[in-house]
>>> print(open('input_3.csv').read())   # CSV, C-alpha atoms
chain,number,residue,atom,x,y,z
A,121,MET,CA,-101.6,27.2,27.2
A,122,MET,CA,-98.0,26.8,26.1
A,123,ARG,CA,-96.8,23.1,25.8
A,124,TYR,CA,-93.3,21.8,25.9
A,125,GLY,CA,-92.1,18.6,24.2
A,126,LEU,CA,-88.8,17.1,25.4
A,127,TYR,CA,-87.4,15.5,22.3
A,128,PHE,CA,-84.3,14.2,20.6
A,129,ALA,CA,-83.7,16.1,17.4
A,130,PRO,CA,-80.5,16.3,15.4
A,131,ALA,CA,-78.5,19.5,15.4
A,132,THR,CA,-80.0,21.9,12.9
A,133,ASP,CA,-76.8,22.0,10.8
A,134,SER,CA,-76.7,18.2,10.5
A,135,PRO,CA,-77.5,16.1,7.4
A,136,TRP,CA,-80.0,14.1,9.4
A,137,TRP,CA,-81.9,17.3,10.3
A,138,HIS,CA,-81.9,18.5,6.7
A,139,ALA,CA,-83.1,15.1,5.4
A,140,GLY,CA,-85.9,15.0,8.0
A,141,CYS,CA,-87.1,18.5,7.3
A,142,ARG,CA,-87.0,17.9,3.6
A,143,TRP,CA,-89.1,14.8,4.0
A,144,LEU,CA,-91.8,16.5,6.2
A,145,GLY,CA,-91.7,19.7,4.2
A,146,ARG,CA,-91.1,21.9,7.2
A,147,ASP,CA,-88.1,23.1,9.3
A,148,ALA,CA,-89.2,23.3,12.9
A,149,ALA,CA,-86.2,25.5,13.8
A,150,SER,CA,-86.5,28.2,11.1
A,151,GLY,CA,-90.2,27.8,10.4
A,152,ALA,CA,-89.5,27.4,6.7
A,153,GLU,CA,-91.9,25.3,4.6
A,154,PHE,CA,-91.1,23.8,1.3
A,155,PRO,CA,-92.3,21.1,-1.2
A,156,HIS,CA,-92.2,17.5,-0.1
A,157,CYS,CA,-90.1,14.9,-1.8
A,158,GLN,CA,-91.7,13.8,-5.1
A,159,ILE,CA,-93.2,10.3,-4.9
A,160,ALA,CA,-94.1,8.5,-8.1
A,161,GLY,CA,-97.8,7.7,-8.2
A,162,VAL,CA,-98.7,9.8,-5.2
A,163,SER,CA,-99.9,13.4,-5.6
A,164,ASP,CA,-98.4,16.2,-3.6
A,165,LYS,CA,-101.9,16.7,-2.0
A,166,VAL,CA,-102.1,13.1,-0.8
A,167,ILE,CA,-98.5,13.1,0.6
A,168,GLY,CA,-99.3,16.4,2.3
A,169,GLU,CA,-102.4,15.0,3.9
A,170,LEU,CA,-100.5,11.9,5.0
A,171,THR,CA,-97.8,13.8,6.8
A,172,ALA,CA,-99.8,16.7,8.2
A,173,HIS,CA,-99.7,15.7,11.8
A,174,ALA,CA,-96.0,14.7,11.7
A,175,ARG,CA,-95.2,18.0,10.0
A,176,ARG,CA,-96.9,20.0,12.7
A,177,TYR,CA,-94.7,18.3,15.4
A,178,GLY,CA,-91.4,18.6,13.3
A,179,PHE,CA,-88.6,16.0,12.9
A,180,HIS,CA,-88.0,14.5,16.3
A,181,ALA,CA,-88.1,11.5,18.6
A,182,THR,CA,-90.2,11.8,21.8
A,183,LEU,CA,-88.4,11.4,25.1
A,184,LYS,CA,-91.1,13.1,27.2
A,185,ALA,CA,-94.4,13.9,25.5
A,186,PRO,CA,-95.7,17.5,25.4
A,187,PHE,CA,-97.0,18.9,28.6
A,188,ARG,CA,-98.0,22.3,30.2
A,189,LEU,CA,-96.0,23.6,33.1
A,190,ARG,CA,-97.7,23.1,36.5
A,191,ASP,CA,-98.8,26.3,38.3
A,192,GLY,CA,-95.9,27.9,40.1
A,193,TYR,CA,-93.2,26.7,37.6
A,194,SER,CA,-91.5,28.7,34.9
A,195,GLU,CA,-89.5,28.4,31.8
A,196,ALA,CA,-86.4,29.4,33.8
A,197,GLN,CA,-86.9,26.3,36.0
A,198,LEU,CA,-87.4,24.1,32.9
A,199,ILE,CA,-84.1,25.4,31.5
A,200,SER,CA,-82.3,24.9,34.8
A,201,MET,CA,-83.5,21.4,35.1
A,202,ALA,CA,-82.7,20.6,31.5
A,203,GLN,CA,-79.1,21.9,31.9
A,204,ALA,CA,-78.6,19.7,35.0
A,205,PHE,CA,-80.2,16.7,33.4
A,206,CYS,CA,-78.0,16.9,30.2
A,207,ALA,CA,-74.8,17.5,32.2
A,208,ALA,CA,-75.2,13.9,33.4
A,209,GLN,CA,-76.1,12.2,30.1
A,210,ARG,CA,-73.8,10.7,27.6
A,211,PRO,CA,-74.4,10.3,23.9
A,212,ILE,CA,-75.9,7.1,22.4
A,213,VAL,CA,-74.6,6.1,19.0
A,214,LEU,CA,-77.2,4.3,16.9
A,215,ASP,CA,-75.9,1.6,14.6
A,216,ASP,CA,-78.5,2.3,11.9
A,217,MET,CA,-81.9,3.8,11.4
A,218,GLN,CA,-84.4,2.1,9.1
A,219,VAL,CA,-87.8,3.1,7.7
A,220,ARG,CA,-90.3,0.7,9.4
A,221,PRO,CA,-94.0,0.6,10.1
A,222,LEU,CA,-95.0,1.2,13.6
A,223,ASN,CA,-98.7,1.2,14.8
A,224,GLY,CA,-99.9,1.9,11.3
A,225,PHE,CA,-97.5,4.8,10.4
A,226,LEU,CA,-93.9,4.9,9.1
A,227,ALA,CA,-91.0,5.9,11.2
A,228,LEU,CA,-87.2,5.8,11.4
A,229,ARG,CA,-86.3,3.2,14.0
A,230,PRO,CA,-82.9,1.9,15.2
A,231,ASP,CA,-81.8,-1.5,13.9
A,232,GLY,CA,-80.9,-3.2,17.1
A,233,PRO,CA,-81.6,-3.3,20.9
A,234,ASP,CA,-82.7,0.1,22.3
A,235,ASP,CA,-82.4,-0.6,26.0
A,236,GLU,CA,-80.1,2.3,26.6
A,237,ILE,CA,-82.5,4.6,24.7
A,238,GLY,CA,-85.4,3.4,26.7
A,239,ALA,CA,-83.5,4.0,30.0
A,240,LEU,CA,-82.7,7.5,28.8
A,241,ALA,CA,-86.3,8.2,27.9
A,242,MET,CA,-87.7,6.9,31.2
A,243,CYS,CA,-85.1,8.9,33.2
A,244,CYS,CA,-86.3,12.0,31.3
A,245,VAL,CA,-89.9,11.1,32.0
A,246,ARG,CA,-89.3,10.8,35.7
A,247,TYR,CA,-86.9,13.7,36.1
A,248,PHE,CA,-89.1,16.3,34.6
A,249,ASP,CA,-92.5,15.0,35.8
A,250,SER,CA,-92.6,17.5,38.7
A,251,LEU,CA,-93.0,20.2,36.1
A,252,ARG,CA,-95.9,18.6,34.4
A,253,ALA,CA,-99.4,19.9,34.9
A,254,ALA,CA,-102.1,17.2,34.9
A,255,PRO,CA,-103.7,16.8,31.5
A,256,ALA,CA,-107.2,18.0,31.0
A,257,ALA,CA,-110.0,15.5,30.6
A,258,GLY,CA,-110.2,16.3,26.9
A,259,GLU,CA,-106.5,15.5,26.4
A,260,LEU,CA,-106.9,12.1,28.1
A,261,GLU,CA,-109.9,11.3,26.0
A,262,LYS,CA,-108.0,12.2,22.8
A,263,ARG,CA,-105.3,9.7,23.8
A,264,ARG,CA,-107.9,7.0,24.6
A,265,HIS,CA,-109.6,7.5,21.2
A,266,THR,CA,-106.7,5.6,19.6
A,267,GLY,CA,-107.5,2.5,21.7
A,268,LEU,CA,-105.3,1.7,24.7
A,269,SER,CA,-104.6,-1.5,26.5
A,270,ALA,CA,-105.1,-1.7,30.3
A,271,ARG,CA,-101.4,-1.2,30.8
A,272,GLN,CA,-101.3,1.8,28.5
A,273,GLU,CA,-104.3,3.3,30.3
A,274,ALA,CA,-102.4,3.0,33.6
A,275,LEU,CA,-99.3,4.7,32.1
A,276,LEU,CA,-101.5,7.5,30.7
A,277,LEU,CA,-102.8,8.2,34.2
A,278,ARG,CA,-99.4,7.9,35.8
A,279,TRP,CA,-97.3,9.9,33.3
A,280,GLY,CA,-99.8,11.7,31.1
A,281,TYR,CA,-98.7,9.6,28.1
A,282,PRO,CA,-99.4,5.9,27.4
A,283,TYR,CA,-96.1,5.0,25.6
A,284,THR,CA,-93.7,5.1,28.5
A,285,GLU,CA,-91.8,2.4,30.5
A,286,GLU,CA,-91.9,-0.9,28.6
A,287,GLU,CA,-94.4,0.6,26.0
A,288,PHE,CA,-91.7,3.0,24.8
A,289,ARG,CA,-90.4,2.6,21.3
A,290,PHE,CA,-87.8,5.1,20.1
A,291,HIS,CA,-88.9,6.4,16.7
A,292,MET,CA,-88.8,9.5,14.4
A,293,THR,CA,-92.2,9.8,12.8
A,294,LEU,CA,-92.4,10.2,9.1
A,295,THR,CA,-96.1,9.8,8.3
A,296,ASP,CA,-99.5,9.9,9.9
A,297,PRO,CA,-101.5,6.6,10.0
A,298,LEU,CA,-101.7,5.0,6.6
A,299,SER,CA,-104.7,2.7,7.3
A,300,ASP,CA,-106.9,4.5,4.8
A,301,VAL,CA,-104.7,4.2,1.8
A,302,GLY,CA,-103.9,1.2,-0.4
A,303,ALA,CA,-100.9,-1.0,-0.1
A,304,ASP,CA,-99.4,0.4,-3.3
A,305,VAL,CA,-99.4,3.9,-1.9
A,306,VAL,CA,-97.9,2.7,1.4
A,307,GLN,CA,-95.2,0.9,-0.5
A,308,ALA,CA,-94.5,4.0,-2.7
A,309,ILE,CA,-94.2,6.2,0.3
A,310,ARG,CA,-91.9,3.8,2.1
A,311,GLN,CA,-89.6,3.5,-0.9
A,312,ALA,CA,-89.5,7.3,-1.2
A,313,ALA,CA,-88.6,7.6,2.5
A,314,GLU,CA,-85.9,5.1,2.2
A,315,GLN,CA,-84.4,7.0,-0.8
A,316,CYS,CA,-84.7,10.3,1.1
A,317,PHE,CA,-82.6,9.0,4.0
A,318,ALA,CA,-80.3,6.6,2.1
A,319,GLY,CA,-77.5,9.1,1.7
A,320,VAL,CA,-77.4,10.3,5.3
A,321,ARG,CA,-77.7,6.7,6.6
A,322,ALA,CA,-74.7,5.7,4.6
A,323,GLY,CA,-72.6,8.6,5.5
A,324,THR,CA,-73.4,9.8,9.0
A,325,PRO,CA,-74.4,7.7,12.1
A,326,LEU,CA,-77.2,9.2,14.1
A,327,VAL,CA,-76.1,10.1,17.7
A,328,ILE,CA,-78.5,11.0,20.5
A,329,ASP,CA,-76.4,13.8,21.8
A,330,ALA,CA,-78.8,16.4,23.2
A,331,LEU,CA,-82.2,17.1,24.6
A,332,THR,CA,-84.2,19.6,22.4
A,333,VAL,CA,-87.2,21.4,23.9
A,334,PHE,CA,-89.9,22.0,21.3
A,335,ARG,CA,-92.6,24.5,22.1
A,336,GLU,CA,-96.2,24.8,21.1
A,337,GLU,CA,-97.3,28.4,21.5
A,338,MET,CA,-101.1,27.7,21.5
A,339,PRO,CA,-103.3,24.7,21.0
A,340,GLY,CA,-103.0,23.4,17.4
A,341,ALA,CA,-100.0,25.6,16.5
A,342,ALA,CA,-96.9,24.0,15.0
A,343,PHE,CA,-94.2,22.9,17.4
A,344,SER,CA,-91.0,24.8,17.0
A,345,VAL,CA,-87.4,24.2,18.3
A,346,TRP,CA,-86.9,26.4,21.3
A,347,ARG,CA,-83.7,25.3,23.2
A,348,ARG,CA,-81.2,22.5,22.6
A,349,PHE,CA,-79.1,21.2,25.5
A,350,PRO,CA,-76.1,19.0,24.6
A,351,PHE,CA,-75.2,15.9,26.6
A,352,ASN,CA,-72.0,16.6,28.5
A,353,ALA,CA,-71.0,13.3,30.1
A,354,ALA,CA,-67.8,12.1,28.4
A,355,ARG,CA,-68.2,8.5,27.1
A,356,PRO,CA,-70.8,7.6,24.6
A,357,TRP,CA,-73.0,4.5,24.8
A,358,ARG,CA,-72.6,1.8,22.1
>>> encode(input="input_3.csv", output="structure tokens")
Amino acid sequence: MMRYGLYFAPATDSPWWHAGCRWLGRDAASGAEFPHCQIAGVSDKVIGELTAHARRYGFHATLKAPFRLRDGYSEAQLISMAQAFCAAQRPIVLDDMQVRPLNGFLALRPDGPDDEIGALAMCCVRYFDSLRAAPAAGELEKRRHTGLSARQEALLLRWGYPYTEEEFRFHMTLTDPLSDVGADVVQAIRQAAEQCFAGVRAGTPLVIDALTVFREEMPGAAFSVWRRFPFNAARPWR
């Protein structure tokens, strides 16, 4: 029942990682949990509820959505393929990351074209797809529950995830959907997130420089950092 998510996540000693973990209240590498950033006018209980799903997954950006290994494949093969994949990838330097709404939640998103990131993500989706077990009917229905377009339904059936190919949007999730709270709460949370990441945005560019494999030990468990594979090609994208 183990699932593996192929993500970008900053190195665990980087200021970006520390800021993201501080915002979510959980470090997916160490397993440590701690209080959220204080938000004026929003209780700790409410902010905890509005980040619960994001906190379970940890601070990351999805390249290939979580999947179970197909029968006959092992973690050793996943590691071997990840090493080979990352040996051919070069880092992508992001000009800026801004807190923005996306499909009803808040996320960090790059300020500029993300064609190179989309190409990396699709390369990742295709390369590792031979390892992916077909999703169960219940997993497909859970995806459909959010409401999918005809194109997204086709992508779901092809890749097990509807937000691939031209539907892909690079993002680092900061909240769960905010549709059930008032505009004043949304604004307060957005301002707090901007403040949380202001220092690191000003001082350190975010670089997609590795593939990090997160692992979910059993259904509903928190995802944890398992292995990180640095990109080894020499010249970065800009």
>>> residues_around(input="input_3.csv", residues="A:Ser163", least_positions_apart="6", cutoff="12 Å", atoms="only C-alpha atoms", output="PDB file with C-alpha atoms, keeping the file's coordinate frame")
ATOM      1  CA  PRO A 155     -92.300  21.100  -1.200  1.00  0.00           C
ATOM      2  CA  HIS A 156     -92.200  17.500  -0.100  1.00  0.00           C
ATOM      3  CA  CYS A 157     -90.100  14.900  -1.800  1.00  0.00           C
ATOM      4  CA  GLU A 169    -102.400  15.000   3.900  1.00  0.00           C
ATOM      5  CA  LEU A 170    -100.500  11.900   5.000  1.00  0.00           C
ATOM      6  CA  VAL A 305     -99.400   3.900  -1.900  1.00  0.00           C
ATOM      7  CA  ALA A 308     -94.500   4.000  -2.700  1.00  0.00           C
ATOM      8  CA  ILE A 309     -94.200   6.200   0.300  1.00  0.00           C
TER       9      ILE A 309
END
>>> residues_near_point(input="input_3.csv", point="(-91.5, 22.4, 0.9)", cutoff="10 Å", atoms="only C-alpha atoms", output="JSON, numbers by chain")
{"A": [141, 142, 143, 144, 145, 146, 147, 152, 153, 154, 155, 156, 157, 168]}
>>> closest_residue(input="input_3.csv", among="A:Leu331, A:Pro339, A:Arg190, A:Glu273", to="A:Ala208", atoms="only C-alpha atoms")
A:Leu331
>>> residues_around(input="input_3.csv", residues="A:Leu268", least_positions_apart="6", cutoff="12 Å", atoms="only C-alpha atoms", output="list of chain:residue names")
A:Asn223, A:Leu260, A:Glu261, A:Lys262, A:Ala274, A:Leu275, A:Leu276, A:Leu277, A:Tyr281, A:Pro282, A:Tyr283, A:Glu287
>>> closest_residue(input="input_3.csv", among="A:Ile212, A:Ala353, A:Met217, A:Leu294", to="A:Gly232", atoms="only C-alpha atoms")
A:Met217
>>> atom_distance(input="input_3.csv", atom1="atom CA of A:Gly224", atom2="atom CA of A:Gln311")
16.0 Å
>>> residues_around(input="input_3.csv", residues="A:Asp215", least_positions_apart="3", cutoff="10 Å", atoms="only C-alpha atoms", output="PyMOL selection string")
chain A and resi 212+230-233+321+325-327+358
>>> residues_around(input="input_3.csv", residues="stretch 197-205 of chain A", least_positions_apart="5", cutoff="9 Å", atoms="all atoms listed in the file", output="list of chain:residue names")
A:Leu189, A:Cys244, A:Tyr247, A:Phe248, A:Leu251, A:Leu331, A:Val333, A:Arg347, A:Phe349, A:Pro350, A:Phe351
>>> residues_around(input="input_3.csv", residues="A:Arg278", least_positions_apart="5", cutoff="10 Å", atoms="all atoms listed in the file", output="list in words")
Asp249, Ala254, Gln272, Glu273 and Thr284 of chain A
>>> atom_distance(input="input_3.csv", atom1="atom CA of A:Arg123", atom2="atom CA of A:Phe343")
8.8 Å
>>> closest_residue(input="input_3.csv", among="A:Phe290, A:Trp137, A:Trp279, A:Trp346", to="A:Ala185", atoms="only C-alpha atoms")
A:Trp279
>>> atom_distance(input="input_3.csv", atom1="atom CA of A:Glu336", atom2="atom CA of A:Val166")
25.5 Å
>>> closest_residue(input="input_3.csv", among="A:Val219, A:Ala256, A:Leu240, A:Ala313", to="A:Cys206", atoms="only C-alpha atoms")
A:Leu240
>>> closest_residue(input="input_3.csv", among="A:Arg271, A:His180, A:Arg264, A:Arg246", to="A:His291", atoms="all atoms listed in the file")
A:His180
>>> closest_residue(input="input_3.csv", among="A:Leu222, A:Val306, A:Cys243, A:Ala318", to="A:Gly161", atoms="all atoms listed in the file")
A:Val306
>>> residues_near_point(input="input_3.csv", point="(-77.4, 13.4, 7.5)", cutoff="7 Å", atoms="only C-alpha atoms", output="list in words")
Ser134, Pro135, Trp136, Trp137, His138, Ala139, Val320, Arg321 and Thr324 of chain A
>>> decode(input="input_3.csv", residues="stretch 250-283 of chain A", atoms="C-alpha atoms", output="mmCIF file, in the first residue's frame")
data_model
loop_
_atom_site.group_PDB
_atom_site.id
_atom_site.type_symbol
_atom_site.label_atom_id
_atom_site.label_comp_id
_atom_site.auth_asym_id
_atom_site.auth_seq_id
_atom_site.Cartn_x
_atom_site.Cartn_y
_atom_site.Cartn_z
ATOM 1 C CA SER A 250 6.331 2.253 -16.246
ATOM 2 C CA LEU A 251 6.641 1.907 -12.447
ATOM 3 C CA ARG A 252 3.120 3.147 -11.714
ATOM 4 C CA ALA A 253 0.378 0.739 -10.751
ATOM 5 C CA ALA A 254 -3.038 1.605 -12.149
ATOM 6 C CA PRO A 255 -5.070 3.598 -9.609
ATOM 7 C CA ALA A 256 -7.960 1.884 -7.892
ATOM 8 C CA ALA A 257 -11.507 2.886 -8.822
ATOM 9 C CA GLY A 258 -11.865 4.703 -5.514
ATOM 10 C CA GLU A 259 -8.778 6.790 -6.212
ATOM 11 C CA LEU A 260 -10.160 7.819 -9.605
ATOM 12 C CA GLU A 261 -13.497 8.775 -8.092
ATOM 13 C CA LYS A 262 -11.762 10.877 -5.453
ATOM 14 C CA ARG A 263 -10.063 12.841 -8.222
ATOM 15 C CA ARG A 264 -13.339 13.230 -10.112
ATOM 16 C CA HIS A 265 -15.081 14.522 -7.008
ATOM 17 C CA THR A 266 -13.306 17.868 -7.436
ATOM 18 C CA GLY A 267 -14.878 18.328 -10.890
ATOM 19 C CA LEU A 268 -12.782 17.657 -13.982
ATOM 20 C CA SER A 269 -12.988 18.900 -17.536
ATOM 21 C CA ALA A 270 -13.128 16.385 -20.374
ATOM 22 C CA ARG A 271 -9.427 16.981 -21.019
ATOM 23 C CA GLN A 272 -8.537 16.479 -17.362
ATOM 24 C CA GLU A 273 -10.532 13.246 -17.324
ATOM 25 C CA ALA A 274 -8.506 12.020 -20.316
ATOM 26 C CA LEU A 275 -5.253 12.916 -18.546
ATOM 27 C CA LEU A 276 -6.442 11.165 -15.393
ATOM 28 C CA LEU A 277 -7.038 7.964 -17.346
ATOM 29 C CA ARG A 278 -3.707 8.243 -19.192
ATOM 30 C CA TRP A 279 -1.368 9.278 -16.369
ATOM 31 C CA GLY A 280 -3.346 8.673 -13.160
ATOM 32 C CA TYR A 281 -3.429 12.417 -12.469
ATOM 33 C CA PRO A 282 -5.457 15.119 -14.233
ATOM 34 C CA TYR A 283 -2.998 18.022 -13.915
#
